[in-house]
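K.L.:
Handing you this structure, nothing more for now.
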Amino acid sequence: MSHTTLLLIAAAGVATLLLLILRAKVQPFVALVVVSVGVALSAGVPAADLVKTIEEGMGSTLGHIATIIALGAMIGRIIELSGGAAAFAHSLIDRFGSKRTPLALTVAGFVLGIPVFFEVGLIILMPIAYGVARASRKPLLVYALPMGAAMLTVHAFLPPHPGAVAVTQAIGADQGLVLLMGIPVTAVVILLGYLVSRRMTRREYPMDPAVFAEVYGEETPRTTEGTGDTGGIGDAGGIGGIRGAGGTEGVGGAAPALSPTSAVTPADDSHGTAVLTRPAATATTADPAPRPPSFGTVLTLIVTPILLILAGTLGQNLLADGTVLRAVLTVLGAPMVALLIDVALCAYVLGAHRGWDRAHIASVMTSALPPVAMVILVAGAGGVFGKVLVASGIGDAIADVLDRSGLPALVLAFLMALTLRAAQGSTTVALITTAGILAPLLERADLSTGQLSLIALAMGAGGLAVSHINDAGYWMFTKLTGLDVASGLRTWTVLTTTMGVIGFGLTAALWPLV
């Protein structure tokens, strides 16, 4: 079959995938599998090999990423339900002081965004943003915009988030190097994004009256820009009307109802910031609630798997082959082992040590799995799509065309991820699809592991950009902050796109050094 025919089949497959997800509202996992089957048969994959090709694509992908995503979700869930996430954020606010509270929440979003999924982190931290906005009488967006953007940046760039894990596996990058280069890149992107957001939030934007009342306890929002049209916000019914918690992935799931101010009370501390307060204990309360975990405890548990993975990568690159220390670091630095160790530490330090029995610990871990089950399947279906592209010869045809385009692989990775992100909304689907399309080209290019890791980060930059009305994460953020559609596009969309471009610029600057 000619390259032209194969390319037309590939283009038709991607177009069909977008139509199924956007127009027909087909679940992304089902859409990816259906399109993979259609592309395989159209491109001449023998019917006898069809099921084998699908199984190999699914198995090779999930064999690597399923345990990582599941263990990462368990860590985030334990930190969330133990009160560690909120305690960590409050501790940062206390350390930074009231004048730098927006920066403190941004740092909290960055650090907590590593183990906690974007939508969960937003639900955890938004009540704190509500509290400090009420106490300071400043616009909510001053605190929420950089905080939310920080969490989305980590979600797009770094393992153990599903898109980053899937990309790393698909193109043969090293997770340790992705973290080693990705953490400082992400930190710089978030810092520059924070500075951009400060400029954006110098003006006030129209705010949904229901959300305004939740935050400030007043009936009428203060606006300097007119009332504006609340678009998709007015029917939110306050915060309880937000979309599914899995929305950022485009894979569904139900979000817990949220009423932030029911748990947030402005209270003067040493810095004049607001704090979350527990309901007053009643006379029938038998045991006082345990104190939340300390700042150092939560930070240690977050960075432990990162340090283990980095140690494994450094050991493989710096120590002689065959040494005992290298073998030990290689085992401990394997992402699955590092996360498994951290799950055990979280279960003991945040669970058993603080009074949770074994049944409750098991229940908490189990509760982390349903929200990520569909994310794992979508990642596996993306692996199927990539395998079909290779088995059918489409991957080589695309590689030939892209090779002749003269564009560097880094630029192609960023632009393709950005285009797919803008077209269908989901960061994870955009990253997985981009990796599947570019994998044959990258394999042919004979790139170093460091260069492949930078390409993975460039894809993450593209997956961060252009969060707009087809992204459930956009709706979740705008509903929580009470923004109308136009204001959301002028703030959230512009900021995420700016940060995505900055992220790509940083990866391009690092390219000559690896």
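Convention: chains lettered A, B, ... in structure tokens order; per-chain residue numbering from 1; ligands numbered from 1 as shown.
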Counting only C-alpha atoms, what is within 7 Å of segment 289-302 of chain A, bar same-chain residues fewer than 5 positions away, as a ChimeraX atom specification?

P.N.:
/A:82-84,87-88,91,115,342,346,350,354

K.L.:
When you look at segment 26-34 of chain A with a cut-off of 6 Å (counting only C-alpha atoms), what residues show up, excluding the ones that are within fewer than 5 positions of it in the same chain? I need them as a list in words.

P.N.:
Leu20, Ile21, Val378 and Ala381 of chain A

K.L.:
Would you mind listing what lies within 10 Å of Val388 of chain A as an mmCIF file with all heavy atoms, in the first residue's frame, with only C-alpha atoms counted and same-chain residues fewer than 6 positions away left out?

P.N.:
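Produced file part.cif, reproduced below:
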```cif
data_model
loop_
_atom_site.group_PDB
_atom_site.id
_atom_site.type_symbol
_atom_site.label_atom_id
_atom_site.label_comp_id
_atom_site.auth_asym_id
_atom_site.auth_seq_id
_atom_site.Cartn_x
_atom_site.Cartn_y
_atom_site.Cartn_z
ATOM 1 N N VAL A 35 -11.375 3.135 16.669
ATOM 2 C CA VAL A 35 -10.548 3.727 15.611
ATOM 3 C C VAL A 35 -9.339 2.847 15.317
ATOM 4 O O VAL A 35 -8.957 2.677 14.149
ATOM 5 C CB VAL A 35 -10.111 5.156 16.008
ATOM 6 C CG1 VAL A 35 -9.033 5.669 15.064
ATOM 7 C CG2 VAL A 35 -11.306 6.094 16.001
ATOM 8 N N SER A 36 -8.735 2.274 16.341
ATOM 9 C CA SER A 36 -7.582 1.395 16.128
ATOM 10 C C SER A 36 -7.950 0.195 15.273
ATOM 11 O O SER A 36 -7.212 -0.185 14.351
ATOM 12 C CB SER A 36 -7.026 0.925 17.481
ATOM 13 O OG SER A 36 -6.556 2.013 18.248
ATOM 14 N N VAL A 37 -9.097 -0.409 15.563
ATOM 15 C CA VAL A 37 -9.560 -1.548 14.767
ATOM 16 C C VAL A 37 -9.821 -1.123 13.328
ATOM 17 O O VAL A 37 -9.394 -1.787 12.363
ATOM 18 C CB VAL A 37 -10.829 -2.165 15.388
ATOM 19 C CG1 VAL A 37 -11.435 -3.212 14.451
ATOM 20 C CG2 VAL A 37 -10.514 -2.790 16.740
ATOM 21 N N GLY A 38 -10.508 0.013 13.152
ATOM 22 C CA GLY A 38 -10.806 0.490 11.800
ATOM 23 C C GLY A 38 -9.560 0.815 11.004
ATOM 24 O O GLY A 38 -9.444 0.460 9.820
ATOM 25 N N VAL A 39 -8.603 1.481 11.642
ATOM 26 C CA VAL A 39 -7.354 1.832 10.956
ATOM 27 C C VAL A 39 -6.570 0.578 10.596
ATOM 28 O O VAL A 39 -6.026 0.458 9.490
ATOM 29 C CB VAL A 39 -6.513 2.776 11.836
ATOM 30 C CG1 VAL A 39 -5.093 2.918 11.279
ATOM 31 C CG2 VAL A 39 -7.169 4.154 11.924
ATOM 32 N N ALA A 40 -6.511 -0.382 11.522
ATOM 33 C CA ALA A 40 -5.765 -1.614 11.263
ATOM 34 C C ALA A 40 -6.329 -2.362 10.062
ATOM 35 O O ALA A 40 -5.580 -2.774 9.149
ATOM 36 C CB ALA A 40 -5.793 -2.506 12.500
ATOM 37 N N LEU A 41 -7.644 -2.528 10.022
ATOM 38 C CA LEU A 41 -8.248 -3.254 8.903
ATOM 39 C C LEU A 41 -8.110 -2.481 7.601
ATOM 40 O O LEU A 41 -7.837 -3.064 6.537
ATOM 41 C CB LEU A 41 -9.722 -3.536 9.209
ATOM 42 C CG LEU A 41 -9.988 -4.489 10.390
ATOM 43 C CD1 LEU A 41 -11.484 -4.607 10.651
ATOM 44 C CD2 LEU A 41 -9.383 -5.872 10.112
ATOM 45 N N ALA A 43 -5.771 -0.428 6.766
ATOM 46 C CA ALA A 43 -4.378 -0.361 6.336
ATOM 47 C C ALA A 43 -3.809 -1.721 5.970
ATOM 48 O O ALA A 43 -2.623 -1.827 5.632
ATOM 49 C CB ALA A 43 -3.533 0.262 7.439
ATOM 50 N N VAL A 45 -3.813 -4.724 7.876
ATOM 51 C CA VAL A 45 -3.389 -5.684 8.896
ATOM 52 C C VAL A 45 -4.258 -6.930 8.767
ATOM 53 O O VAL A 45 -5.493 -6.830 8.753
ATOM 54 C CB VAL A 45 -3.529 -5.082 10.311
ATOM 55 C CG1 VAL A 45 -3.243 -6.145 11.379
ATOM 56 C CG2 VAL A 45 -2.581 -3.900 10.490
ATOM 57 N N LEU A 50 -5.219 -9.239 13.915
ATOM 58 C CA LEU A 50 -5.822 -8.043 14.496
ATOM 59 C C LEU A 50 -5.865 -8.113 16.015
ATOM 60 O O LEU A 50 -5.400 -7.199 16.721
ATOM 61 C CB LEU A 50 -7.229 -7.845 13.943
ATOM 62 C CG LEU A 50 -8.015 -6.670 14.520
ATOM 63 C CD1 LEU A 50 -7.318 -5.349 14.197
ATOM 64 C CD2 LEU A 50 -9.440 -6.655 13.977
ATOM 65 N N THR A 53 -2.443 -7.962 17.633
ATOM 66 C CA THR A 53 -1.882 -6.610 17.601
ATOM 67 C C THR A 53 -2.473 -5.756 18.721
ATOM 68 O O THR A 53 -1.754 -5.023 19.417
ATOM 69 C CB THR A 53 -2.156 -5.942 16.242
ATOM 70 O OG1 THR A 53 -1.574 -6.736 15.202
ATOM 71 C CG2 THR A 53 -1.583 -4.533 16.188
ATOM 72 N N ILE A 54 -3.783 -5.859 18.900
ATOM 73 C CA ILE A 54 -4.451 -5.081 19.959
ATOM 74 C C ILE A 54 -3.957 -5.523 21.333
ATOM 75 O O ILE A 54 -3.655 -4.693 22.203
ATOM 76 C CB ILE A 54 -5.976 -5.237 19.857
ATOM 77 C CG1 ILE A 54 -6.486 -4.553 18.580
ATOM 78 C CG2 ILE A 54 -6.674 -4.657 21.081
ATOM 79 C CD1 ILE A 54 -7.947 -4.783 18.307
ATOM 80 N N GLU A 56 -1.119 -6.975 22.095
ATOM 81 C CA GLU A 56 0.273 -6.579 22.299
ATOM 82 C C GLU A 56 0.372 -5.092 22.629
ATOM 83 O O GLU A 56 1.150 -4.694 23.505
ATOM 84 C CB GLU A 56 1.101 -6.899 21.051
ATOM 85 C CG GLU A 56 1.349 -8.381 20.847
ATOM 86 C CD GLU A 56 2.137 -8.662 19.589
ATOM 87 O OE1 GLU A 56 2.348 -7.708 18.790
ATOM 88 O OE2 GLU A 56 2.546 -9.807 19.382
ATOM 89 N N GLY A 57 -0.405 -4.270 21.945
ATOM 90 C CA GLY A 57 -0.381 -2.839 22.233
ATOM 91 C C GLY A 57 -0.879 -2.529 23.627
ATOM 92 O O GLY A 57 -0.270 -1.736 24.357
ATOM 93 N N GLY A 382 -4.478 3.981 24.020
ATOM 94 C CA GLY A 382 -3.508 4.768 23.265
ATOM 95 C C GLY A 382 -2.333 3.917 22.812
ATOM 96 O O GLY A 382 -1.811 4.087 21.712
ATOM 97 N N ILE A 394 1.813 2.580 8.826
ATOM 98 C CA ILE A 394 1.466 4.001 8.847
ATOM 99 C C ILE A 394 2.533 4.792 9.591
ATOM 100 O O ILE A 394 2.873 5.922 9.209
ATOM 101 C CB ILE A 394 0.084 4.208 9.507
ATOM 102 C CG1 ILE A 394 -1.012 3.645 8.600
ATOM 103 C CG2 ILE A 394 -0.184 5.680 9.791
ATOM 104 C CD1 ILE A 394 -2.398 3.691 9.213
ATOM 105 N N GLY A 395 3.084 4.212 10.658
ATOM 106 C CA GLY A 395 4.105 4.904 11.431
ATOM 107 C C GLY A 395 5.300 5.275 10.580
ATOM 108 O O GLY A 395 5.815 6.399 10.645
ATOM 109 N N GLY A 436 2.241 8.045 20.098
ATOM 110 C CA GLY A 436 2.032 6.947 19.165
ATOM 111 C C GLY A 436 2.366 7.334 17.738
ATOM 112 O O GLY A 436 2.939 6.538 16.972
#
```

K.L.:
To one decimal place, how far is atom CA of Met459 of chain A from atom CA of Gly500 of chain A in Å?

P.N.:
9.5 Å

K.L.:
Which residues are near segment 364-366 of chain A? Cut-off 7 Å, only C-alpha atoms, ignore same chain within fewer than 6 positions. Put them as a PDB file with C-alpha atoms, in the first residue's frame.

P.N.:
```
ATOM      1  CA  MET A  74      -2.918   5.555  46.350  1.00  0.00           C
ATOM      2  CA  ARG A  77      -5.384   9.496  48.297  1.00  0.00           C
ATOM      3  CA  ILE A  78      -3.686   8.732  51.607  1.00  0.00           C
TER       4      ILE A  78
END
```

K.L.:
Just how far from atom CA of Val375 of chain A is atom CA of Ala465 of chain A, in Å to one decimal?

P.N.:
20.1 Å

K.L.:
Measuring between only C-alpha atoms, which one of A:Leu489, A:Val178, A:Leu18, A:Val132 shows the shortest distance to Asp94 of chain A?

P.N.:
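For Asp94 of chain A, the nearest of the given residues is A:Val132.
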
K.L.:
Run DSSP on the backbone and give me the residues of segment 174-222 of chain A it puts in helix (DSSP H, G or I), as a ChimeraX atom specification.

P.N.:
/A:175-200,209-216

K.L.:
Put those residues in a file: N, CA and C atoms, as a CSV table (one decimal), in the first residue's frame.

P.N.:
```
chain,number,residue,atom,x,y,z
A,175,GLN,N,12.4,7.7,32.9
A,175,GLN,CA,11.6,8.5,33.8
A,175,GLN,C,12.4,9.2,34.8
A,176,GLY,N,13.6,8.7,35.1
A,176,GLY,CA,14.5,9.4,36.0
A,176,GLY,C,15.0,10.7,35.4
A,177,LEU,N,15.4,10.6,34.1
A,177,LEU,CA,15.8,11.8,33.5
A,177,LEU,C,14.7,12.8,33.2
A,178,VAL,N,13.5,12.3,32.9
A,178,VAL,CA,12.4,13.2,32.8
A,178,VAL,C,12.1,13.9,34.1
A,179,LEU,N,12.2,13.3,35.2
A,179,LEU,CA,12.1,14.0,36.5
A,179,LEU,C,13.3,14.9,36.8
A,180,LEU,N,14.5,14.4,36.5
A,180,LEU,CA,15.7,15.2,36.8
A,180,LEU,C,15.6,16.6,36.0
A,181,MET,N,15.2,16.5,34.7
A,181,MET,CA,15.1,17.7,34.0
A,181,MET,C,13.8,18.4,34.1
A,182,GLY,N,12.7,17.6,34.3
A,182,GLY,CA,11.4,18.1,34.3
A,182,GLY,C,11.0,18.9,35.5
A,183,ILE,N,11.6,18.5,36.7
A,183,ILE,CA,11.2,19.2,37.9
A,183,ILE,C,11.7,20.7,37.9
A,184,PRO,N,13.0,20.9,37.5
A,184,PRO,CA,13.4,22.3,37.4
A,184,PRO,C,12.7,23.1,36.3
A,185,VAL,N,12.5,22.4,35.2
A,185,VAL,CA,11.8,23.1,34.1
A,185,VAL,C,10.4,23.5,34.5
A,186,THR,N,9.7,22.5,35.2
A,186,THR,CA,8.3,22.8,35.7
A,186,THR,C,8.3,23.9,36.7
A,187,ALA,N,9.3,23.9,37.6
A,187,ALA,CA,9.4,24.9,38.6
A,187,ALA,C,9.6,26.3,38.0
A,188,VAL,N,10.4,26.4,37.0
A,188,VAL,CA,10.6,27.7,36.3
A,188,VAL,C,9.3,28.1,35.6
A,189,VAL,N,8.7,27.2,34.9
A,189,VAL,CA,7.4,27.5,34.2
A,189,VAL,C,6.4,28.0,35.2
A,190,ILE,N,6.3,27.4,36.3
A,190,ILE,CA,5.3,27.8,37.3
A,190,ILE,C,5.6,29.1,37.9
A,191,LEU,N,6.9,29.4,38.2
A,191,LEU,CA,7.3,30.7,38.7
A,191,LEU,C,7.0,31.8,37.7
A,192,LEU,N,7.3,31.6,36.4
A,192,LEU,CA,7.0,32.6,35.4
A,192,LEU,C,5.5,32.8,35.2
A,193,GLY,N,4.8,31.6,35.3
A,193,GLY,CA,3.4,31.7,35.2
A,193,GLY,C,2.8,32.5,36.4
A,194,TYR,N,3.4,32.3,37.5
A,194,TYR,CA,2.9,33.1,38.7
A,194,TYR,C,3.1,34.6,38.4
A,195,LEU,N,4.2,35.0,37.9
A,195,LEU,CA,4.4,36.4,37.6
A,195,LEU,C,3.4,36.9,36.5
A,196,VAL,N,3.1,36.1,35.5
A,196,VAL,CA,2.2,36.5,34.5
A,196,VAL,C,0.8,36.6,35.1
A,197,SER,N,0.4,35.7,36.0
A,197,SER,CA,-0.9,35.7,36.6
A,197,SER,C,-1.1,37.0,37.5
A,198,ARG,N,0.0,37.4,38.2
A,198,ARG,CA,-0.1,38.6,39.0
A,198,ARG,C,-0.5,39.8,38.1
A,199,ARG,N,0.1,39.9,36.9
A,199,ARG,CA,-0.3,41.0,36.0
A,199,ARG,C,-1.7,40.8,35.6
A,200,MET,N,-2.2,39.6,35.3
A,200,MET,CA,-3.6,39.4,34.8
A,200,MET,C,-4.6,39.8,35.9
A,209,PRO,N,-22.6,35.3,41.1
A,209,PRO,CA,-23.1,35.7,42.4
A,209,PRO,C,-23.1,34.6,43.4
A,210,ALA,N,-23.4,33.3,43.0
A,210,ALA,CA,-23.5,32.2,43.9
A,210,ALA,C,-22.1,31.9,44.5
A,211,VAL,N,-21.1,31.9,43.6
A,211,VAL,CA,-19.7,31.7,44.1
A,211,VAL,C,-19.2,32.9,44.9
A,212,PHE,N,-19.6,34.1,44.5
A,212,PHE,CA,-19.2,35.2,45.3
A,212,PHE,C,-19.7,35.2,46.7
A,213,ALA,N,-21.0,34.8,46.9
A,213,ALA,CA,-21.6,34.6,48.2
A,213,ALA,C,-20.9,33.5,49.0
A,214,GLU,N,-20.5,32.4,48.3
A,214,GLU,CA,-19.8,31.4,49.0
A,214,GLU,C,-18.5,31.9,49.6
A,215,VAL,N,-17.8,32.7,48.8
A,215,VAL,CA,-16.4,33.1,49.2
A,215,VAL,C,-16.5,34.3,50.2
A,216,TYR,N,-17.3,35.3,49.9
A,216,TYR,CA,-17.2,36.5,50.7
A,216,TYR,C,-18.4,36.7,51.6
```

K.L.:
Mind checking which residues fall within 6 Å of Gly312 of chain A, counting only C-alpha atoms, ignoring those fewer than 5 positions away in the same chain, and posting them as a PDB file with C-alpha atoms, in the first residue's frame?

P.N.:
```pdb
ATOM      1  CA  LEU A 329      19.965   1.594  43.300  1.00  0.00           C
ATOM      2  CA  THR A 330      18.594   0.162  40.056  1.00  0.00           C
ATOM      3  CA  GLY A 333      15.003   3.462  41.614  1.00  0.00           C
TER       4      GLY A 333
END
```

K.L.:
Name the closest residue to Arg203 of chain A among the candidates A:Ile123, A:Leu140, A:Leu6, A:Ala344; distances are taken between atoms, counting only C-alpha atoms.

P.N.:
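Of A:Ile123, A:Leu140, A:Leu6, A:Ala344, the one nearest Arg203 of chain A is A:Leu140, counting only C-alpha atoms.
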
K.L.:
My list of candidates is A:Thr507, A:Ser60, A:Thr427, A:Ser487. Which is closest to Ile455 of chain A when distances are computed with only C-alpha atoms?

P.N.:
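So, comparing all the options, the nearest one is A:Thr507.
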
K.L.:
State, in Å with one decimal place, the distance from atom CA of Phe504 of chain A to atom CA of Leu402 of chain A.

P.N.:
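Taking atom CA of Phe504 of chain A and atom CA of Leu402 of chain A, their separation equals 19.0 Å.
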
K.L.:
Which residue out of A:Ala156, A:Ala338, A:Leu389, A:Ala150 has the minimum interatomic distance to Leu495 of chain A when only C-alpha atoms are used?

P.N.:
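Nearest candidate to Leu495 of chain A out of A:Ala156, A:Ala338, A:Leu389, A:Ala150: A:Ala150.
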